[in-house]
Structures are given as structure tokens and as C-alpha cells.
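Undergrad: Just one file: data09.cif, with mmCIF, C-alpha atoms.
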```
data_final
loop_
_atom_site.group_PDB
_atom_site.id
_atom_site.type_symbol
_atom_site.label_atom_id
_atom_site.label_comp_id
_atom_site.auth_asym_id
_atom_site.auth_seq_id
_atom_site.Cartn_x
_atom_site.Cartn_y
_atom_site.Cartn_z
ATOM 1 C CA MET G 140 2.297 -62.464 -32.037
ATOM 2 C CA SER G 141 2.142 -65.706 -33.968
ATOM 3 C CA ALA G 142 -1.666 -65.511 -34.149
ATOM 4 C CA ASN G 143 -1.521 -61.918 -35.410
ATOM 5 C CA THR G 144 1.067 -62.887 -37.990
ATOM 6 C CA ALA G 145 -1.087 -65.778 -39.169
ATOM 7 C CA LEU G 146 -4.076 -63.458 -39.548
ATOM 8 C CA ALA G 147 -2.046 -60.770 -41.329
ATOM 9 C CA ALA G 148 -0.697 -63.143 -43.989
ATOM 10 C CA PRO G 149 -4.075 -63.836 -45.670
ATOM 11 C CA ARG G 150 -4.909 -60.138 -45.579
ATOM 12 C CA ARG G 151 -1.612 -59.326 -47.268
ATOM 13 C CA HIS G 152 -2.270 -61.907 -49.983
ATOM 14 C CA GLN G 153 -5.768 -60.514 -50.503
ATOM 15 C CA SER G 154 -4.341 -56.997 -50.856
ATOM 16 C CA ILE G 155 -1.769 -58.182 -53.415
ATOM 17 C CA ASP G 156 -4.425 -60.083 -55.364
ATOM 18 C CA ARG G 157 -6.678 -57.012 -55.368
ATOM 19 C CA ARG G 158 -3.877 -54.797 -56.666
ATOM 20 C CA SER G 159 -3.006 -57.357 -59.339
ATOM 21 C CA PHE G 160 -6.630 -57.518 -60.439
ATOM 22 C CA LEU G 161 -6.857 -53.715 -60.631
ATOM 23 C CA GLY G 162 -3.632 -53.628 -62.636
ATOM 24 C CA LEU G 163 -5.030 -56.165 -65.090
ATOM 25 C CA LEU G 164 -8.187 -54.077 -65.446
ATOM 26 C CA LEU G 165 -6.110 -50.980 -66.222
ATOM 27 C CA VAL G 166 -4.189 -52.690 -69.027
ATOM 28 C CA ALA G 167 -7.138 -54.706 -70.347
ATOM 29 C CA LEU G 168 -8.546 -51.946 -72.572
ATOM 30 C CA PRO G 169 -5.175 -50.981 -74.188
ATOM 31 C CA VAL G 170 -4.353 -54.656 -74.769
ATOM 32 C CA PHE G 171 -7.800 -55.222 -76.282
ATOM 33 C CA LEU G 172 -7.370 -52.216 -78.603
ATOM 34 C CA VAL G 173 -3.917 -53.400 -79.692
ATOM 35 C CA GLY G 174 -5.290 -56.857 -80.411
ATOM 36 C CA TRP G 175 -8.333 -55.517 -82.245
ATOM 37 C CA LEU G 176 -6.674 -52.758 -84.281
ATOM 38 C CA ILE G 177 -3.230 -54.270 -84.920
ATOM 39 C CA VAL G 178 -2.886 -57.989 -84.170
ATOM 40 C CA PHE G 179 -6.203 -59.111 -85.658
ATOM 41 C CA PRO G 180 -5.750 -57.182 -88.967
ATOM 42 C CA ILE G 181 -2.264 -58.677 -89.325
ATOM 43 C CA PHE G 182 -3.482 -62.255 -88.933
ATOM 44 C CA SER G 183 -6.490 -61.493 -91.109
ATOM 45 C CA ALA G 184 -4.234 -60.155 -93.877
ATOM 46 C CA VAL G 185 -1.888 -63.148 -93.689
ATOM 47 C CA VAL G 186 -4.764 -65.617 -93.809
ATOM 48 C CA GLY G 187 -6.503 -63.636 -96.568
ATOM 49 C CA THR G 188 -3.450 -63.861 -98.826
ATOM 50 C CA ILE G 189 -3.007 -67.606 -98.308
ATOM 51 C CA LEU G 190 -6.603 -68.841 -98.260
ATOM 52 C CA VAL G 191 -8.089 -67.490 -101.492
ATOM 53 C CA ARG G 192 -11.120 -68.313 -103.581
ATOM 54 C CA GLY G 193 -10.453 -70.674 -106.434
ATOM 55 C CA PRO G 194 -11.983 -70.641 -109.944
ATOM 56 C CA GLU G 195 -15.002 -72.604 -108.745
ATOM 57 C CA GLY G 196 -15.624 -70.387 -105.716
ATOM 58 C CA ALA G 197 -14.118 -72.786 -103.180
ATOM 59 C CA THR G 198 -11.480 -71.573 -100.708
ATOM 60 C CA GLU G 199 -8.077 -73.078 -101.365
ATOM 61 C CA PHE G 200 -4.560 -72.838 -99.948
ATOM 62 C CA SER G 201 -2.326 -70.862 -102.350
ATOM 63 C CA PHE G 202 0.869 -68.780 -102.398
ATOM 64 C CA ALA G 203 0.191 -67.483 -105.899
ATOM 65 C CA SER G 204 0.145 -63.813 -104.869
ATOM 66 C CA TYR G 205 3.550 -64.147 -103.170
ATOM 67 C CA ARG G 206 5.005 -66.011 -106.137
ATOM 68 C CA PHE G 207 3.789 -63.222 -108.393
ATOM 69 C CA PHE G 208 5.343 -60.528 -106.199
ATOM 70 C CA PHE G 209 8.767 -62.153 -106.027
ATOM 71 C CA SER G 210 8.775 -62.964 -109.745
ATOM 72 C CA ASP G 211 7.559 -59.552 -110.912
ATOM 73 C CA GLY G 212 10.400 -57.194 -111.794
ATOM 74 C CA TYR G 213 8.376 -54.055 -111.089
ATOM 75 C CA SER G 214 7.350 -55.256 -107.614
ATOM 76 C CA LEU G 215 10.916 -56.226 -106.750
ATOM 77 C CA GLY G 216 12.144 -52.862 -108.023
ATOM 78 C CA ASN G 217 9.713 -51.086 -105.688
ATOM 79 C CA LEU G 218 10.842 -53.256 -102.765
ATOM 80 C CA TRP G 219 14.501 -52.575 -103.552
ATOM 81 C CA LEU G 220 13.865 -48.817 -103.738
ATOM 82 C CA THR G 221 12.123 -48.941 -100.366
ATOM 83 C CA LEU G 222 15.016 -50.844 -98.793
ATOM 84 C CA TRP G 223 17.552 -48.450 -100.340
ATOM 85 C CA THR G 224 15.642 -45.375 -99.174
ATOM 86 C CA THR G 225 15.257 -46.799 -95.663
ATOM 87 C CA ALA G 226 18.966 -47.631 -95.360
ATOM 88 C CA VAL G 227 20.130 -44.262 -96.698
ATOM 89 C CA CYS G 228 17.698 -42.340 -94.490
ATOM 90 C CA GLY G 229 18.708 -44.363 -91.415
ATOM 91 C CA ILE G 230 22.406 -43.685 -91.986
ATOM 92 C CA LEU G 231 21.819 -39.979 -92.623
ATOM 93 C CA LEU G 232 19.580 -39.625 -89.579
ATOM 94 C CA LEU G 233 22.233 -41.092 -87.282
ATOM 95 C CA ALA G 234 25.020 -39.121 -88.977
ATOM 96 C CA ILE G 235 23.104 -35.839 -88.580
ATOM 97 C CA GLY G 236 21.212 -36.477 -85.349
ATOM 98 C CA LEU G 237 24.069 -37.854 -83.238
ATOM 99 C CA PRO G 238 26.314 -34.738 -83.472
ATOM 100 C CA ILE G 239 23.298 -32.534 -82.692
ATOM 101 C CA ALA G 240 22.393 -34.712 -79.704
ATOM 102 C CA LEU G 241 25.988 -34.643 -78.439
ATOM 103 C CA TYR G 242 26.072 -30.863 -78.740
ATOM 104 C CA LEU G 243 22.775 -30.491 -76.890
ATOM 105 C CA ARG G 244 23.892 -32.891 -74.140
ATOM 106 C CA PHE G 245 27.169 -31.171 -73.351
ATOM 107 C CA SER G 246 26.341 -27.541 -74.205
ATOM 108 C CA GLN G 247 24.337 -24.911 -72.411
ATOM 109 C CA GLY G 248 23.249 -21.391 -73.128
ATOM 110 C CA ARG G 249 21.079 -19.578 -75.618
ATOM 111 C CA LEU G 250 22.740 -21.009 -78.734
ATOM 112 C CA ALA G 251 22.055 -24.588 -77.591
ATOM 113 C CA ALA G 252 18.414 -23.646 -77.008
ATOM 114 C CA TYR G 253 18.166 -22.240 -80.533
ATOM 115 C CA VAL G 254 19.737 -25.374 -82.001
ATOM 116 C CA GLN G 255 17.298 -27.570 -80.084
ATOM 117 C CA ALA G 256 14.333 -25.487 -81.258
ATOM 118 C CA LEU G 257 15.460 -25.722 -84.889
ATOM 119 C CA ALA G 258 16.032 -29.478 -84.605
ATOM 120 C CA ILE G 259 12.572 -30.104 -83.143
ATOM 121 C CA PHE G 260 10.688 -27.620 -85.353
ATOM 122 C CA PRO G 261 9.940 -30.106 -88.217
ATOM 123 C CA MET G 262 7.925 -32.182 -85.726
ATOM 124 C CA PHE G 263 5.210 -29.497 -85.793
ATOM 125 C CA VAL G 264 5.075 -29.225 -89.594
ATOM 126 C CA PRO G 265 2.628 -31.603 -91.369
ATOM 127 C CA SER G 266 4.232 -33.852 -93.962
ATOM 128 C CA ILE G 267 2.168 -32.494 -96.836
ATOM 129 C CA ILE G 268 3.212 -28.906 -96.047
ATOM 130 C CA LEU G 269 6.830 -30.030 -95.760
ATOM 131 C CA ALA G 270 6.598 -31.747 -99.155
ATOM 132 C CA TYR G 271 5.319 -28.676 -100.966
ATOM 133 C CA ALA G 272 7.800 -26.450 -99.133
ATOM 134 C CA LEU G 273 10.621 -28.633 -100.455
ATOM 135 C CA ILE G 274 9.126 -28.479 -103.966
ATOM 136 C CA ARG G 275 9.066 -24.689 -103.847
ATOM 137 C CA THR G 276 12.630 -24.629 -102.479
ATOM 138 C CA ILE G 277 14.601 -27.277 -104.387
ATOM 139 C CA GLY G 278 12.134 -28.106 -107.160
ATOM 140 C CA PRO G 279 12.311 -26.830 -110.758
ATOM 141 C CA ASN G 280 12.403 -23.013 -110.795
ATOM 142 C CA GLY G 281 12.334 -23.026 -107.007
ATOM 143 C CA THR G 282 14.015 -20.658 -104.584
ATOM 144 C CA VAL G 283 17.444 -22.255 -104.968
ATOM 145 C CA ASP G 284 17.233 -22.028 -108.769
ATOM 146 C CA LEU G 285 16.236 -18.368 -108.577
ATOM 147 C CA LEU G 286 19.150 -17.539 -106.259
ATOM 148 C CA LEU G 287 21.638 -19.401 -108.447
ATOM 149 C CA ASN G 288 20.307 -17.668 -111.534
ATOM 150 C CA ALA G 289 20.610 -14.276 -109.822
ATOM 151 C CA VAL G 290 24.361 -14.747 -109.321
ATOM 152 C CA GLY G 291 24.955 -16.279 -112.751
ATOM 153 C CA LEU G 292 25.415 -19.900 -111.658
ATOM 154 C CA PRO G 293 23.905 -22.902 -113.488
ATOM 155 C CA LYS G 294 20.581 -24.303 -112.352
ATOM 156 C CA LEU G 295 20.334 -26.930 -109.651
ATOM 157 C CA ARG G 296 19.770 -30.507 -110.751
ATOM 158 C CA THR G 297 16.648 -30.961 -108.680
ATOM 159 C CA PRO G 298 16.152 -34.126 -106.596
ATOM 160 C CA TYR G 299 12.388 -33.686 -106.965
ATOM 161 C CA LEU G 300 10.747 -36.752 -108.592
ATOM 162 C CA THR G 301 13.966 -38.733 -108.132
ATOM 163 C CA PRO G 302 14.796 -41.313 -105.425
ATOM 164 C CA TRP G 303 16.651 -38.575 -103.515
ATOM 165 C CA GLY G 304 13.501 -36.471 -103.143
ATOM 166 C CA PRO G 305 11.892 -38.768 -100.548
ATOM 167 C CA VAL G 306 15.278 -39.188 -98.838
ATOM 168 C CA ILE G 307 15.537 -35.445 -98.190
ATOM 169 C CA GLY G 308 11.940 -35.194 -97.043
ATOM 170 C CA LEU G 309 12.040 -38.271 -94.797
ATOM 171 C CA VAL G 310 15.314 -37.254 -93.151
ATOM 172 C CA TRP G 311 13.926 -33.790 -92.442
ATOM 173 C CA ASP G 312 10.648 -35.242 -91.138
ATOM 174 C CA ASN G 313 12.246 -37.876 -88.852
ATOM 175 C CA LEU G 314 15.120 -35.771 -87.537
ATOM 176 C CA PRO G 315 13.254 -34.357 -84.473
ATOM 177 C CA LEU G 316 12.373 -37.794 -83.076
ATOM 178 C CA THR G 317 15.914 -39.006 -83.766
ATOM 179 C CA VAL G 318 17.442 -36.071 -81.875
ATOM 180 C CA LEU G 319 15.043 -36.463 -78.948
ATOM 181 C CA MET G 320 15.706 -40.206 -78.577
ATOM 182 C CA LEU G 321 19.469 -39.844 -78.870
ATOM 183 C CA THR G 322 19.471 -36.966 -76.381
ATOM 184 C CA ALA G 323 17.471 -39.113 -73.957
ATOM 185 C CA GLY G 324 19.992 -41.915 -74.411
ATOM 186 C CA LEU G 325 22.877 -39.547 -73.702
ATOM 187 C CA SER G 326 21.299 -38.622 -70.372
ATOM 188 C CA SER G 327 22.515 -41.984 -69.020
ATOM 189 C CA VAL G 328 26.126 -40.886 -69.553
ATOM 190 C CA SER G 329 27.315 -39.316 -66.309
ATOM 191 C CA ASN G 330 29.570 -36.279 -66.284
ATOM 192 C CA SER G 331 31.764 -37.906 -63.640
ATOM 193 C CA ALA G 332 32.667 -40.791 -65.971
ATOM 194 C CA ILE G 333 33.643 -38.357 -68.731
ATOM 195 C CA GLU G 334 35.665 -36.188 -66.352
ATOM 196 C CA ALA G 335 37.466 -39.262 -64.977
ATOM 197 C CA ALA G 336 38.405 -40.322 -68.519
ATOM 198 C CA ARG G 337 39.691 -36.837 -69.281
ATOM 199 C CA ASP G 338 41.738 -36.839 -66.077
ATOM 200 C CA VAL G 339 43.687 -39.882 -67.274
ATOM 201 C CA GLY G 340 44.418 -38.224 -70.616
ATOM 202 C CA ALA G 341 41.605 -39.492 -72.857
ATOM 203 C CA GLY G 342 40.866 -37.249 -75.823
ATOM 204 C CA PRO G 343 37.402 -36.454 -77.224
ATOM 205 C CA LEU G 344 37.473 -39.385 -79.655
ATOM 206 C CA ARG G 345 38.525 -41.849 -76.958
ATOM 207 C CA VAL G 346 35.841 -40.519 -74.606
ATOM 208 C CA PHE G 347 33.216 -40.962 -77.307
ATOM 209 C CA VAL G 348 34.318 -44.484 -78.277
ATOM 210 C CA SER G 349 35.016 -45.859 -74.795
ATOM 211 C CA ILE G 350 32.579 -43.978 -72.544
ATOM 212 C CA ILE G 351 29.666 -42.565 -74.535
ATOM 213 C CA LEU G 352 29.090 -45.079 -77.342
ATOM 214 C CA PRO G 353 28.891 -48.240 -75.148
ATOM 215 C CA ARG G 354 26.171 -46.596 -73.038
ATOM 216 C CA MET G 355 24.150 -45.636 -76.106
ATOM 217 C CA GLY G 356 23.743 -49.089 -77.648
ATOM 218 C CA ASN G 357 20.058 -49.487 -76.770
ATOM 219 C CA SER G 358 19.319 -45.866 -77.630
ATOM 220 C CA LEU G 359 20.913 -46.198 -81.063
ATOM 221 C CA LEU G 360 19.061 -49.444 -81.730
ATOM 222 C CA ALA G 361 15.729 -47.964 -80.612
ATOM 223 C CA THR G 362 16.288 -44.870 -82.743
ATOM 224 C CA ALA G 363 17.198 -46.921 -85.806
ATOM 225 C CA SER G 364 14.201 -49.226 -85.278
ATOM 226 C CA PHE G 365 11.698 -46.392 -85.003
ATOM 227 C CA ALA G 366 13.222 -44.658 -88.021
ATOM 228 C CA VAL G 367 13.089 -47.833 -90.115
ATOM 229 C CA LEU G 368 9.486 -48.564 -89.137
ATOM 230 C CA GLY G 369 8.399 -45.033 -89.999
ATOM 231 C CA ILE G 370 10.347 -44.714 -93.246
ATOM 232 C CA PHE G 371 9.597 -48.170 -94.648
ATOM 233 C CA SER G 372 5.846 -47.582 -94.444
ATOM 234 C CA ALA G 373 5.867 -43.861 -95.352
ATOM 235 C CA PHE G 374 3.318 -42.683 -97.879
ATOM 236 C CA THR G 375 2.889 -38.901 -98.149
ATOM 237 C CA LEU G 376 6.471 -37.794 -98.795
ATOM 238 C CA PRO G 377 7.358 -40.652 -101.214
ATOM 239 C CA TYR G 378 4.055 -40.099 -103.040
ATOM 240 C CA VAL G 379 4.567 -36.343 -103.493
ATOM 241 C CA LEU G 380 8.356 -36.126 -103.848
ATOM 242 C CA GLY G 381 9.318 -39.492 -105.331
ATOM 243 C CA PRO G 382 9.374 -40.846 -108.878
ATOM 244 C CA ALA G 383 6.383 -42.573 -110.421
ATOM 245 C CA SER G 384 8.461 -45.632 -111.297
ATOM 246 C CA PRO G 385 9.904 -47.270 -109.328
ATOM 247 C CA GLU G 386 7.961 -46.225 -106.240
ATOM 248 C CA MET G 387 8.172 -47.020 -102.552
ATOM 249 C CA MET G 388 5.927 -49.631 -100.995
ATOM 250 C CA GLY G 389 3.507 -47.126 -99.461
ATOM 251 C CA PRO G 390 2.415 -45.503 -102.740
ATOM 252 C CA PHE G 391 2.681 -48.903 -104.461
ATOM 253 C CA MET G 392 0.149 -50.453 -102.070
ATOM 254 C CA GLN G 393 -2.245 -47.519 -102.393
ATOM 255 C CA ARG G 394 -2.098 -47.550 -106.195
ATOM 256 C CA THR G 395 -2.567 -51.326 -106.328
ATOM 257 C CA PHE G 396 -5.591 -51.178 -104.035
ATOM 258 C CA ALA G 397 -7.354 -48.036 -105.319
ATOM 259 C CA GLY G 398 -5.994 -47.541 -108.836
ATOM 260 C CA MET G 399 -5.842 -51.141 -110.004
ATOM 261 C CA ASN G 400 -8.664 -52.413 -107.749
ATOM 262 C CA ASP G 401 -6.600 -55.421 -106.688
ATOM 263 C CA PRO G 402 -7.073 -55.944 -102.905
ATOM 264 C CA LEU G 403 -5.299 -59.330 -102.875
ATOM 265 C CA ASP G 404 -2.037 -58.020 -104.312
ATOM 266 C CA ALA G 405 -2.229 -54.900 -102.148
ATOM 267 C CA MET G 406 -2.710 -57.073 -99.059
ATOM 268 C CA THR G 407 0.218 -59.253 -100.135
ATOM 269 C CA GLN G 408 2.414 -56.162 -100.426
ATOM 270 C CA ALA G 409 1.281 -55.087 -96.958
ATOM 271 C CA VAL G 410 2.172 -58.481 -95.456
ATOM 272 C CA ILE G 411 5.622 -58.402 -97.071
ATOM 273 C CA THR G 412 6.164 -54.868 -95.793
ATOM 274 C CA PHE G 413 5.129 -55.943 -92.304
ATOM 275 C CA ALA G 414 7.525 -58.926 -92.456
ATOM 276 C CA PHE G 415 10.500 -56.648 -93.174
ATOM 277 C CA CYS G 416 9.465 -54.252 -90.401
ATOM 278 C CA LEU G 417 9.010 -57.181 -88.014
ATOM 279 C CA VAL G 418 12.676 -58.113 -88.405
ATOM 280 C CA PHE G 419 13.791 -54.736 -87.061
ATOM 281 C CA GLY G 420 11.169 -54.909 -84.321
ATOM 282 C CA ILE G 421 12.480 -58.291 -83.165
ATOM 283 C CA PHE G 422 16.047 -56.940 -82.949
ATOM 284 C CA TYR G 423 14.795 -54.055 -80.812
ATOM 285 C CA ILE G 424 12.723 -56.293 -78.497
ATOM 286 C CA ARG G 425 15.596 -58.765 -78.044
ATOM 287 C CA SER G 426 17.932 -55.897 -77.161
ATOM 288 C CA ILE G 427 15.504 -54.548 -74.562
ATOM 289 C CA ALA G 428 14.979 -58.021 -73.083
ATOM 290 C CA ARG G 429 18.729 -58.662 -72.928
ATOM 291 C CA ASN G 430 19.247 -55.314 -71.235
ATOM 292 C CA ARG G 431 16.679 -56.200 -68.553
ATOM 293 C CA GLU G 432 18.390 -59.526 -67.904
ATOM 294 C CA VAL G 433 21.757 -57.844 -67.412
ATOM 295 C CA ARG G 434 20.396 -55.389 -64.826
ATOM 296 C CA PRO G 435 20.986 -56.487 -61.230
#
```
Please, can you express the file's structure as C-alpha cells?
TA:
Amino acid sequence: MSANTALAAPRRHQSIDRRSFLGLLLVALPVFLVGWLIVFPIFSAVVGTILVRGPEGATEFSFASYRFFFSDGYSLGNLWLTLWTTAVCGILLLAIGLPIALYLRFSQGRLAAYVQALAIFPMFVPSIILAYALIRTIGPNGTVDLLLNAVGLPKLRTPYLTPWGPVIGLVWDNLPLTVLMLTAGLSSVSNSAIEAARDVGAGPLRVFVSIILPRMGNSLLATASFAVLGIFSAFTLPYVLGPASPEMMGPFMQRTFAGMNDPLDAMTQAVITFAFCLVFGIFYIRSIARNREVRP
């Protein structure tokens, strides 16, 4: 038996090493693509904005493009508008998506299926079609204006070409993913825990605060992170629905690169945008890592 055990141990190690090697081969291509298409362009952009060509053609170390951005009132106004739009959209998405997710989690029947279908429907509508649908609905002389005029009410003060135009479009566009992620997070809340809380006299608010909300921390953080990353770098809806000045960072970068033919400043804006998005990504990754450490 001891000889058989001694012979089986190397075979077991060889089998584990073979499986580990196959696993590394499976993830090698995705990791290579991530490094090539995401990591390398990021480092290239950072280096390209710091190491620039001087007046005599020599490469020199300079933060001039960053100093210009943070000293230019128009650039700071665009950054502030992007931060404001992202914060407002994130709050509205959670305020609208969480009640829908709670209803879908604890309701059954045909009405719940209809609500779920309506909540997910914007996911299948392209952003450009959504933008022009909103223009025809809430824009000047749109459907809402025609209905108000038909009943003798004053015209709607349209949010089109104002900072609230992109807010409406981005909330509508990101609501399906928000609902799906929050609903998935609510699946970790067991019915037995809720029933036990109700048996001891806990009301709906107490059940939500003490039972549901603590189990949704990671889900809420993941939902907010994905929403922030998508909204902060949005282009189509802010470009079509938003004002020309100030503008969000997505249209600002495109106009700087193509309209003004200034790749250095456009790349600087992209690096600054990535830095803000990286902050939310770090919070999300730290939360996931902490959650794995807590698990037994």
C-alpha cells in the first residue's frame, strides 16, 4: 500500500499541473486581448501626455496639457457637468430601479411579468433611436406639447438641449441593467429570513432596513459602479440631447480630437476621464475582495 501511495502521488501532481496548464491556456487569449486593447492604450495615453515633443523636436517631460485643462474654465465646466450628470443619474437610477427590483423579487403573476418586460425593453433600443424618440416626445412641438395644447394648457419647458436632456436619456438607457443587477442581488435574500422577521413583528420598513439592505451592499455598489462607468464616458445621448456649452466629457473629447485637430488635449481629457472612472472601479474591486475574505 505504501508503494502504491508513493507512485500515486507523482501522478496526482502531474494531473494537477496539467489541469493548471490547460487553465492558463484558456485564459491566456482573453488576458492578452485585455492587455492589448485596454491596458496598453491606457499606458500609451498616459505616457503620450507626459512625454511630448518640445519646440526643437526633442522629447521632454511636461505636464503642460494637464495644467491647461485644470486652469481652463471651459474644460473645468465640462468636467463639472459630467460629474453632476453622473451623480444625478446614479441617484435616479437607484431611486427608480430599486423599487422595481423589489416588486419583481417579491411579486408573481402576469402584472409582474409585464413590469419586467417594460423595465428591460430599453435594453433592445439603440441609443440613437432613443435620443430621437425623446426629441419627438419631449422636444419643442413634440407629442407632449401637442397634447398640452389640445387641452388648453401651456407648452412644456423642454429639457432638450439642457443638462436635463442627457439625464433623462441616460436614466432611461441604463435602467434595464440597473434593474437586472439589483434583482440578481435580491436573489440572495431568503424568504425564510423575511418571514422570521415578520413573525417577530417587523414591519416592511424594518424588514427592508435590517434584512434586505445589508445583503444588498455589494449589489448596490456594483450597480452604482457600472452606472457611473457607463454614464461618465457616454457620448451619443449627451451629444444629441445635451447643450453645446458646457458639454459632457464624451462629446468634448470627440470635438477636441476631430473638430479642433488637437490629439494631445483630447488624450489628456481621456486620461482624466479614466482617472475618475478608476476611482469607482477601485471601490468596487475592494468591496469584492473584502467580501471574498469574509466568506468562510
Undergrad: Could you check which of G:Ala341, G:Leu250, G:Cys228, G:Ser204 is closest to G:Ile307, using all atoms listed in the file?
TA: G:Cys228
Undergrad: Have a look at atom CA of G:Asn330 and atom CA of G:Phe347 and let me know their distance in Å, one decimal.
TA: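 Here the two named atoms are 12.5 Å from each other.
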Undergrad: Would you write out, as an MDAnalysis selection string, every residue that the PyMOL selection byres ((chain G and resi 186) around 12) captures in this file?
TA: chainID G and resid 179:185 187:192 198:202 403 406:407 410
Undergrad: Name every residue that the PyMOL selection byres ((chain G and resi 390) around 12) selects in this structure, writing the answer as an MDAnalysis selection string with chains first and numbers rising.
TA: chainID G and resid 214 217:218 220:221 305 371:389 391:398 405 408:409
Undergrad: Check the smallest atom-to-atom distance from each of G:Phe365, G:Leu232, G:Tyr299, G:Ala252 to G:Arg275 using all atoms listed in the file, then report the winner.
TA: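 Smallest distance to G:Arg275 is found for G:Tyr299.
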Undergrad: Spell out the residues picked by the PyMOL selection byres ((chain G and resi 258) around 9) here, as a list in words.
TA: Gly236, Ile239, Tyr253, Val254, Gln255, Ala256, Leu257, Ile259, Phe260, Pro261, Met262, Leu314, Pro315 and Val318 of chain G
Undergrad: My list of candidates is G:Arg249, G:Arg244, G:Arg296, G:Arg345. Which is closest to G:Met320 when distances are computed with only C-alpha atoms?
TA: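 Between G:Arg249, G:Arg244, G:Arg296, G:Arg345, the residue approaching G:Met320 most closely is G:Arg244.
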Undergrad: Just give me the gap between atom CA of G:Leu325 and atom CA of G:Met355 in Å, one decimal is fine.
TA: 6.7 Å
Undergrad: Using atom CA of G:Gly216 and atom CA of G:Pro302 as the two end points, give the distance in Å to one decimal.
TA: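 Interatomic distance, atom CA of G:Gly216 to atom CA of G:Pro302: 12.1 Å.
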Undergrad: Neighbours of G:Val367 within 10 Å (only C-alpha atoms; same-chain residues fewer than 6 positions away dropped), as a list in words?
TA: Leu222, Thr224, Thr225, Ala226, Cys228, Gly229, Ala361, Ala373, Phe415, Cys416, Phe419 and Gly420 of chain G
Undergrad: Emit stretch 210-257 of chain G of the structure in the block as a file comprising C-alpha atoms, as a PDB file, in the first residue's frame.
TA:
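The result, stored in part_17.pdb:
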```pdb
ATOM      1  CA  SER G 210      -6.714  76.133 -15.470  1.00  0.00           C
ATOM      2  CA  ASP G 211      -9.181  76.395 -18.356  1.00  0.00           C
ATOM      3  CA  GLY G 212     -12.654  77.442 -17.239  1.00  0.00           C
ATOM      4  CA  TYR G 213     -14.398  75.779 -20.179  1.00  0.00           C
ATOM      5  CA  SER G 214     -12.673  72.429 -19.564  1.00  0.00           C
ATOM      6  CA  LEU G 215     -13.487  72.538 -15.859  1.00  0.00           C
ATOM      7  CA  GLY G 216     -17.090  73.437 -16.672  1.00  0.00           C
ATOM      8  CA  ASN G 217     -17.358  70.358 -18.901  1.00  0.00           C
ATOM      9  CA  LEU G 218     -15.846  68.174 -16.169  1.00  0.00           C
ATOM     10  CA  TRP G 219     -18.237  69.600 -13.577  1.00  0.00           C
ATOM     11  CA  LEU G 220     -21.235  68.984 -15.857  1.00  0.00           C
ATOM     12  CA  THR G 221     -20.115  65.390 -16.362  1.00  0.00           C
ATOM     13  CA  LEU G 222     -19.753  64.837 -12.617  1.00  0.00           C
ATOM     14  CA  TRP G 223     -23.147  66.450 -11.957  1.00  0.00           C
ATOM     15  CA  THR G 224     -24.865  64.379 -14.645  1.00  0.00           C
ATOM     16  CA  THR G 225     -23.250  61.173 -13.375  1.00  0.00           C
ATOM     17  CA  ALA G 226     -24.283  61.828  -9.764  1.00  0.00           C
ATOM     18  CA  VAL G 227     -27.862  62.774 -10.651  1.00  0.00           C
ATOM     19  CA  CYS G 228     -28.265  59.791 -12.982  1.00  0.00           C
ATOM     20  CA  GLY G 229     -26.817  57.410 -10.374  1.00  0.00           C
ATOM     21  CA  ILE G 230     -29.213  58.637  -7.689  1.00  0.00           C
ATOM     22  CA  LEU G 231     -32.211  58.474 -10.027  1.00  0.00           C
ATOM     23  CA  LEU G 232     -31.289  55.004 -11.259  1.00  0.00           C
ATOM     24  CA  LEU G 233     -31.156  53.627  -7.717  1.00  0.00           C
ATOM     25  CA  ALA G 234     -34.308  55.511  -6.694  1.00  0.00           C
ATOM     26  CA  ILE G 235     -36.244  54.142  -9.690  1.00  0.00           C
ATOM     27  CA  GLY G 236     -34.609  50.742 -10.131  1.00  0.00           C
ATOM     28  CA  LEU G 237     -34.663  49.572  -6.506  1.00  0.00           C
ATOM     29  CA  PRO G 238     -38.481  49.735  -6.060  1.00  0.00           C
ATOM     30  CA  ILE G 239     -38.925  47.949  -9.403  1.00  0.00           C
ATOM     31  CA  ALA G 240     -36.428  45.265  -8.379  1.00  0.00           C
ATOM     32  CA  LEU G 241     -38.146  44.813  -5.007  1.00  0.00           C
ATOM     33  CA  TYR G 242     -41.514  44.458  -6.715  1.00  0.00           C
ATOM     34  CA  LEU G 243     -40.162  41.905  -9.183  1.00  0.00           C
ATOM     35  CA  ARG G 244     -38.452  39.924  -6.404  1.00  0.00           C
ATOM     36  CA  PHE G 245     -41.489  39.572  -4.173  1.00  0.00           C
ATOM     37  CA  SER G 246     -44.316  39.578  -6.741  1.00  0.00           C
ATOM     38  CA  GLN G 247     -45.566  36.962  -9.138  1.00  0.00           C
ATOM     39  CA  GLY G 248     -48.166  36.800 -11.841  1.00  0.00           C
ATOM     40  CA  ARG G 249     -48.844  38.406 -15.181  1.00  0.00           C
ATOM     41  CA  LEU G 250     -48.548  42.008 -13.975  1.00  0.00           C
ATOM     42  CA  ALA G 251     -45.026  41.389 -12.638  1.00  0.00           C
ATOM     43  CA  ALA G 252     -44.075  39.878 -15.999  1.00  0.00           C
ATOM     44  CA  TYR G 253     -45.372  42.965 -17.804  1.00  0.00           C
ATOM     45  CA  VAL G 254     -43.455  45.263 -15.460  1.00  0.00           C
ATOM     46  CA  GLN G 255     -40.262  43.280 -16.026  1.00  0.00           C
ATOM     47  CA  ALA G 256     -40.727  43.403 -19.805  1.00  0.00           C
ATOM     48  CA  LEU G 257     -41.251  47.176 -19.731  1.00  0.00           C
TER      49      LEU G 257
END
```
